[in-house]
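See below for work02.txt, which holds compact mmCIF, C-alpha atoms.
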# COMPACT_ATOMS: atom_id res chain seq x y z
CA GLY A 867 71.98 83.14 130.87
CA GLU A 868 75.32 84.56 131.73
CA ASP A 869 77.83 82.69 133.87
CA ALA A 870 77.90 83.60 137.52
CA ARG A 871 79.69 86.91 137.77
CA ASN A 872 82.17 87.71 140.51
CA THR A 873 83.01 91.23 141.59
CA SER A 874 85.22 92.26 144.49
CA SER A 875 86.39 95.33 146.25
CA ARG A 876 89.66 96.50 144.64
CA ARG A 877 92.61 98.54 145.79
CA THR A 878 95.77 99.28 143.81
CA SER A 879 97.82 99.10 146.99
CA LEU A 880 96.87 97.17 150.12
CA SER A 881 98.73 96.15 153.24
CA PHE A 882 97.27 94.04 156.04
CA HIS A 883 98.26 91.54 158.69
CA SER A 884 96.81 88.11 157.90
CA THR A 885 98.30 86.81 161.18
CA PRO A 886 100.27 88.60 163.92
CA SER A 887 103.55 87.30 162.41
CA ILE A 888 102.96 87.61 158.65
CA LEU A 889 102.78 90.78 156.55
CA VAL A 890 101.18 90.74 153.11
CA VAL A 891 101.52 93.66 150.69
CA MET A 892 99.49 93.80 147.46
CA LYS A 893 100.30 96.42 144.83
CA LEU A 894 100.03 97.19 141.13
CA ALA A 895 103.47 97.50 139.52
CA LYS A 896 105.44 96.77 136.34
CA ARG A 897 107.61 93.69 136.05
CA GLY A 898 109.61 93.21 132.87
CA GLY A 899 107.68 96.05 131.29
CA LEU A 900 104.31 94.36 131.95
CA PRO A 901 101.65 95.49 134.46
CA CYS A 902 101.37 92.98 137.28
CA LEU A 903 99.46 92.50 140.50
CA CYS A 904 102.28 91.88 142.98
CA LEU A 905 101.86 90.09 146.29
CA ASP A 906 104.79 90.18 148.69
CA THR A 907 104.59 88.04 151.84
CA SER A 908 107.14 88.12 154.63
CA CYS A 909 107.46 86.86 158.19
CA ALA A 910 108.20 89.34 160.94
CA ASN A 911 111.23 87.30 162.01
CA GLY A 912 112.61 87.30 158.45
CA THR A 913 112.56 83.50 158.02
CA MET A 914 110.49 83.59 154.83
CA ASP A 915 109.82 85.95 151.90
CA VAL A 916 107.45 85.00 149.08
CA HIS A 917 106.83 87.14 145.99
CA HIS A 918 104.19 86.62 143.30
CA ALA A 919 103.71 88.76 140.18
CA VAL A 920 100.49 88.05 138.27
CA PRO A 921 100.27 89.70 134.80
CA VAL A 922 97.12 91.80 134.38
CA ARG A 923 95.53 94.00 131.74
CA ILE A 924 94.78 97.59 132.74
CA LEU A 925 91.31 98.72 131.72
CA ARG A 926 90.79 102.06 130.05
CA ALA A 927 88.37 104.39 131.86
CA GLU A 928 85.77 104.02 129.09
CA GLU A 929 85.75 100.23 129.63
CA TRP A 930 84.86 100.39 133.33
CA GLN A 931 81.13 100.55 132.67
CA HIS A 932 81.24 97.08 131.10
CA HIS A 933 82.67 95.55 134.29
CA LEU A 934 80.45 97.18 136.91
CA PRO A 935 78.20 94.99 139.08
CA PRO A 936 74.70 94.55 137.64
CA VAL A 937 71.97 96.81 139.00
CA VAL A 938 69.42 94.67 140.85
CA ASN A 939 66.19 95.38 142.69
CA THR A 940 65.88 95.31 146.48
CA PRO A 941 66.09 91.65 147.60
CA ASP A 942 62.89 89.90 148.64
CA VAL A 943 64.84 87.73 151.08
CA GLN A 944 68.26 88.33 152.71
CA LEU A 945 69.68 85.65 154.99
CA GLU A 946 73.02 85.53 156.78
CA PHE A 947 74.55 82.08 157.22
CA GLN A 948 76.74 80.78 159.99
CA LEU A 949 80.18 79.86 158.68
CA ASP A 950 79.91 76.32 160.03
CA ARG A 951 76.88 75.63 157.80
CA PRO A 952 78.29 75.71 154.24
CA LEU A 953 76.02 75.27 151.24
CA ARG A 954 78.67 73.91 148.87
CA PRO A 955 78.69 70.22 149.97
CA VAL A 956 74.90 70.02 149.58
CA ILE A 957 74.86 71.76 146.19
CA GLU A 958 77.67 69.48 145.00
CA ARG A 959 75.56 66.39 145.74
CA LEU A 960 72.42 67.88 144.20
CA LYS A 961 74.31 68.89 141.03
CA ALA A 962 75.23 65.24 140.44
CA ILE A 963 71.51 64.42 140.32
CA SER A 964 69.89 67.43 138.64
CA PRO A 965 70.99 70.39 136.46
CA ILE A 966 68.43 72.60 138.26
CA VAL A 967 68.14 73.48 141.96
CA TYR A 968 65.16 75.26 143.51
CA VAL A 969 65.93 77.58 146.42
CA ASP A 970 63.07 78.54 148.75
CA GLY A 971 63.90 81.33 151.21
CA SER A 972 61.93 83.02 153.97
CA MET A 973 62.63 86.06 156.15
CA ALA A 974 61.56 83.81 159.02
CA GLY A 975 65.18 82.59 158.85
CA GLU A 976 64.55 79.48 156.77
CA LEU A 977 65.96 78.20 153.49
CA VAL A 978 65.21 75.02 151.54
CA LEU A 979 67.29 73.52 148.71
CA ARG A 980 65.30 71.09 146.58
CA ILE A 981 65.34 69.13 143.37
CA ASP A 982 62.32 67.48 141.77
CA SER A 983 62.43 64.97 138.92
CA ASP A 984 60.56 61.90 137.74
CA ALA A 985 63.03 59.69 139.59
CA VAL A 986 63.68 61.54 142.84
CA SER A 987 62.62 64.43 145.06
CA ILE A 988 65.12 65.76 147.61
CA ARG A 989 64.87 68.62 150.11
CA THR A 990 67.53 70.02 152.45
CA PHE A 991 66.39 72.39 155.21
CA TYR A 992 68.28 75.22 156.90
CA ASP A 993 66.72 77.05 159.84
CA LYS A 994 67.70 79.65 162.44
CA LEU A 995 69.36 81.79 159.77
CA ILE A 996 69.70 85.53 160.41
CA PRO A 997 67.33 87.76 158.38
CA ARG A 998 69.12 90.96 157.30
CA THR A 999 66.77 93.94 157.27
CA ASP A 1000 66.32 97.41 158.75
CA GLU A 1001 64.22 98.03 161.88
CA GLU A 1002 61.00 99.03 160.07
CA GLU A 1003 61.15 96.06 157.71
CA SER A 1004 61.99 93.79 160.65
CA LEU A 1005 58.66 94.54 162.35
CA GLN A 1006 56.77 93.81 159.13
CA SER A 1007 58.86 90.67 158.52
CA ARG A 1008 57.92 89.21 161.92
CA ARG A 1009 54.20 89.70 161.17
CA ASP A 1010 54.31 88.35 157.62
CA PRO A 1011 57.75 86.98 156.62
CA ALA A 1012 58.63 87.61 152.97
CA ARG A 1013 59.25 84.51 150.88
CA CYS A 1014 60.97 83.87 147.59
CA THR A 1015 61.63 80.88 145.31
CA LEU A 1016 64.41 80.79 142.72
CA LYS A 1017 65.16 78.26 139.95
CA ILE A 1018 68.93 78.15 139.42
CA ASP A 1019 71.41 76.25 137.27
CA SER A 1020 73.12 73.95 139.78
CA LYS A 1021 76.50 74.28 138.00
CA LYS A 1022 76.45 78.09 138.29
CA LEU A 1023 75.31 77.95 141.91
CA LEU A 1024 78.14 75.55 142.79
CA ALA A 1025 80.68 77.80 141.03
CA SER A 1026 79.64 80.72 143.26
CA LEU A 1027 80.36 78.62 146.38
CA GLN A 1028 83.80 77.18 145.55
CA TRP A 1029 85.39 79.63 147.99
CA GLN A 1030 83.91 77.52 150.80
CA SER A 1031 86.40 74.76 150.00
CA SER A 1032 89.41 76.76 148.81
CA MET A 1033 89.71 79.62 151.33
CA ALA A 1034 91.55 79.17 154.61
CA ARG A 1035 89.52 78.86 157.79
CA GLY A 1036 89.12 82.25 159.44
CA SER A 1037 89.59 84.22 156.21
CA VAL A 1038 85.83 84.90 155.89
CA SER A 1039 83.87 86.98 158.41
CA SER A 1040 80.32 86.25 157.13
CA TYR A 1041 78.27 85.52 154.02
CA ILE A 1042 74.78 86.56 152.99
CA ILE A 1043 72.39 85.07 150.44
CA CYS A 1044 70.12 87.64 148.76
CA MET A 1045 67.17 86.49 146.64
CA ILE A 1046 65.36 88.63 144.06
CA GLU A 1047 62.36 86.86 142.55
CA ASN A 1048 62.76 85.96 138.84
CA GLU A 1049 65.89 88.11 138.63
CA MET A 1050 68.99 87.12 140.58
CA MET A 1051 70.60 85.38 143.49
CA VAL A 1052 73.42 87.36 145.12
CA VAL A 1053 76.09 85.75 147.32
CA HIS A 1054 77.91 88.44 149.32
CA VAL A 1055 81.04 87.34 151.20
CA VAL A 1056 82.78 89.60 153.75
CA LEU A 1057 86.46 88.86 154.38
CA ASN A 1058 88.12 88.73 157.78
CA PRO A 1059 89.16 91.23 159.01
CA GLU A 1060 86.24 93.16 157.50
CA ASP A 1061 88.34 96.14 156.39
CA VAL A 1062 90.22 93.85 153.97
CA GLY A 1063 87.20 93.83 151.64
CA PHE A 1064 84.51 91.59 150.19
CA PHE A 1065 83.49 89.78 147.02
CA THR A 1066 80.07 89.28 145.49
CA TYR A 1067 78.65 86.73 143.06
CA TYR A 1068 75.61 87.48 140.89
CA ILE A 1069 73.86 84.30 139.71
CA PRO A 1070 71.12 84.59 137.05
CA VAL A 1071 67.93 82.57 137.56
CA HIS A 1072 65.28 80.93 135.38
CA PHE A 1073 61.80 82.44 135.20
CA LEU A 1074 59.21 80.86 137.52
CA SER A 1075 55.45 81.43 137.37
CA HIS A 1076 53.73 81.65 140.76
CA ASP A 1077 52.01 78.28 140.34
CA MET A 1078 55.46 76.65 140.08
CA MET A 1079 56.66 78.05 143.40
CA ASP A 1080 56.70 75.82 146.48
CA PHE A 1081 55.58 78.53 148.95
Translate the structure described by the file into structure tokens.
Amino acid sequence: GEDARNTSSRRTSLSFHSTPSILVVMKLAKRGGLPCLCLDTSCANGTMDVHHAVPVRILRAEEWQHHLPPVVNTPDVQLEFQLDRPLRPVIERLKAISPIVYVDGSMAGELVLRIDSDAVSIRTFYDKLIPRTDEEESLQSRRDPARCTLKIDSKKLLASLQWQSSMARGSVSSYIICMIENEMMVVHVVLNPEDVGFFTYYIPVHFLSHDMMDF
């Protein structure tokens, strides 16, 4: 399968206040004749100015189609997590034991991470998660909650969650796990403030027959 793919909202020029006293400006410009993504940070009181210029390659219009997010079906399960309940520490421990992680999700607001081998069987339970659905689907979901099981490469799953250790506290508004049976897991992360943007990971999964699913 492909490596976990990461797409994000993009703007050629962006200004926002990360704190009341710091201004960050991001723009596409040339430096030394090379196209660069430039980030200029300055304090309102003028005590600090930081400038970064990251060389980039500009895509031709005909290349855009090769870098678009994959088209996926409507998720079977969509669950919003609280920011104080990160998945990364658990996945990191499971990866050290098994190359494969099973993810069982339910629109009842439940998610289970599990590994099964000849030597060990481990399950980690998350409950009281927030199902994301429209009003009509919400009524159906309460009567008969949709369920989904995915078989995922633990290394790829961990790679899609590294932001939980590297990003500053308060820089993320929310994150949602979307599960599409035998197709994809999608991790959608909304930045804070929300008008700054978002990024999305698409993680391929292994095929599972129904008799191999836990639910």
inquiry  = Can you measure CA of Ile888 (chain A) to CA of Pro921 (chain A) for me? One decimal in Å is fine.
reply    =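 Rounded to one decimal, the two atoms are 24.1 Å apart.
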Interatomic distance (Å, one decimal) between CA of Ser1040 (chain A) and CA of Asn1058 (chain A) = 8.2 Å
task = Find, counting all atoms listed in the file, the residue in A:Thr913, A:Asn939, A:Ser1031, A:Ser1020 that gets nearest to Ser964 (chain A).
result = A:Ser1020
Name the residues in contact with Glu1060 (chain A) at a cut-off of 9 Å, using all atoms listed in the file, excluding same-chain residues fewer than 3 positions from it; report them as a PDB file with C-alpha atoms, in the coordinates of the input.
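Once written, result_13.pdb looks like this:
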ATOM      1  CA  VAL A1038      85.830  84.900 155.890  1.00  0.00           C
ATOM      2  CA  SER A1039      83.870  86.980 158.410  1.00  0.00           C
ATOM      3  CA  VAL A1056      82.780  89.600 153.750  1.00  0.00           C
ATOM      4  CA  LEU A1057      86.460  88.860 154.380  1.00  0.00           C
ATOM      5  CA  GLY A1063      87.200  93.830 151.640  1.00  0.00           C
ATOM      6  CA  PHE A1064      84.510  91.590 150.190  1.00  0.00           C
TER       7      PHE A1064
END
message = Could you list, as a ChimeraX atom specification, every residue within 12 Å of Asp915 (chain A), counting all atoms listed in the file and ignoring same-chain residues fewer than 2 positions away?
response = /A:888-891,905-913,917-918
Same residues, C-alpha atoms, saved as an mmCIF file, keeping the file's coordinate frame:
data_model
loop_
_atom_site.group_PDB
_atom_site.id
_atom_site.type_symbol
_atom_site.label_atom_id
_atom_site.label_comp_id
_atom_site.auth_asym_id
_atom_site.auth_seq_id
_atom_site.Cartn_x
_atom_site.Cartn_y
_atom_site.Cartn_z
ATOM 1 C CA ILE A 888 102.960 87.610 158.650
ATOM 2 C CA LEU A 889 102.780 90.780 156.550
ATOM 3 C CA VAL A 890 101.180 90.740 153.110
ATOM 4 C CA VAL A 891 101.520 93.660 150.690
ATOM 5 C CA LEU A 905 101.860 90.090 146.290
ATOM 6 C CA ASP A 906 104.790 90.180 148.690
ATOM 7 C CA THR A 907 104.590 88.040 151.840
ATOM 8 C CA SER A 908 107.140 88.120 154.630
ATOM 9 C CA CYS A 909 107.460 86.860 158.190
ATOM 10 C CA ALA A 910 108.200 89.340 160.940
ATOM 11 C CA ASN A 911 111.230 87.300 162.010
ATOM 12 C CA GLY A 912 112.610 87.300 158.450
ATOM 13 C CA THR A 913 112.560 83.500 158.020
ATOM 14 C CA HIS A 917 106.830 87.140 145.990
ATOM 15 C CA HIS A 918 104.190 86.620 143.300
#
ask   = Between A:Gln948, A:Val967, A:Ala974, A:Leu1027, which one has atoms that come closest to Ser987 (chain A), using all atoms listed in the file?
value = A:Val967
ask   = CA of Pro935 (chain A) and CA of Glu1047 (chain A) are how many Å apart?
value =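 Interatomic distance, CA of Pro935 (chain A) to CA of Glu1047 (chain A): 18.1 Å.
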query = With only C-alpha atoms as the atoms that count, which of A:Ile1069, A:Ile988, A:Val922, A:Met892 lies nearest to His1054 (chain A)?
reply = A:Ile1069
message = When you look at Val937 (chain A) with a cut-off of 12 Å (counting all atoms listed in the file), what residues show up, excluding the ones that are within fewer than 3 positions of it in the same chain? I need them as a list in words.
response = Gln931, His933, Leu934, Thr940, Pro941, Ile1046, Glu1049, Met1050, Val1052 and Tyr1068 of chain A
ask   = Using only C-alpha atoms, which of the listed residues (A:Leu977, A:Cys1014, A:Val956, A:Met914) sits closest to Asp942 (chain A)?
value =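 Ranking A:Leu977, A:Cys1014, A:Val956, A:Met914 by distance to Asp942 (chain A), first place goes to A:Cys1014.
Between Leu1023 (chain A) and the residues A:His932, A:Lys961, A:Lys893, A:Arg1009, the shortest atom-to-atom distance, using all atoms listed in the file, involves A:Lys961.
With all atoms listed in the file as the atoms that count, the minimum distance from Phe947 (chain A) to the choices A:Ile996, A:Val1055, A:Ile1018, A:Ala985 is reached by A:Ile996.
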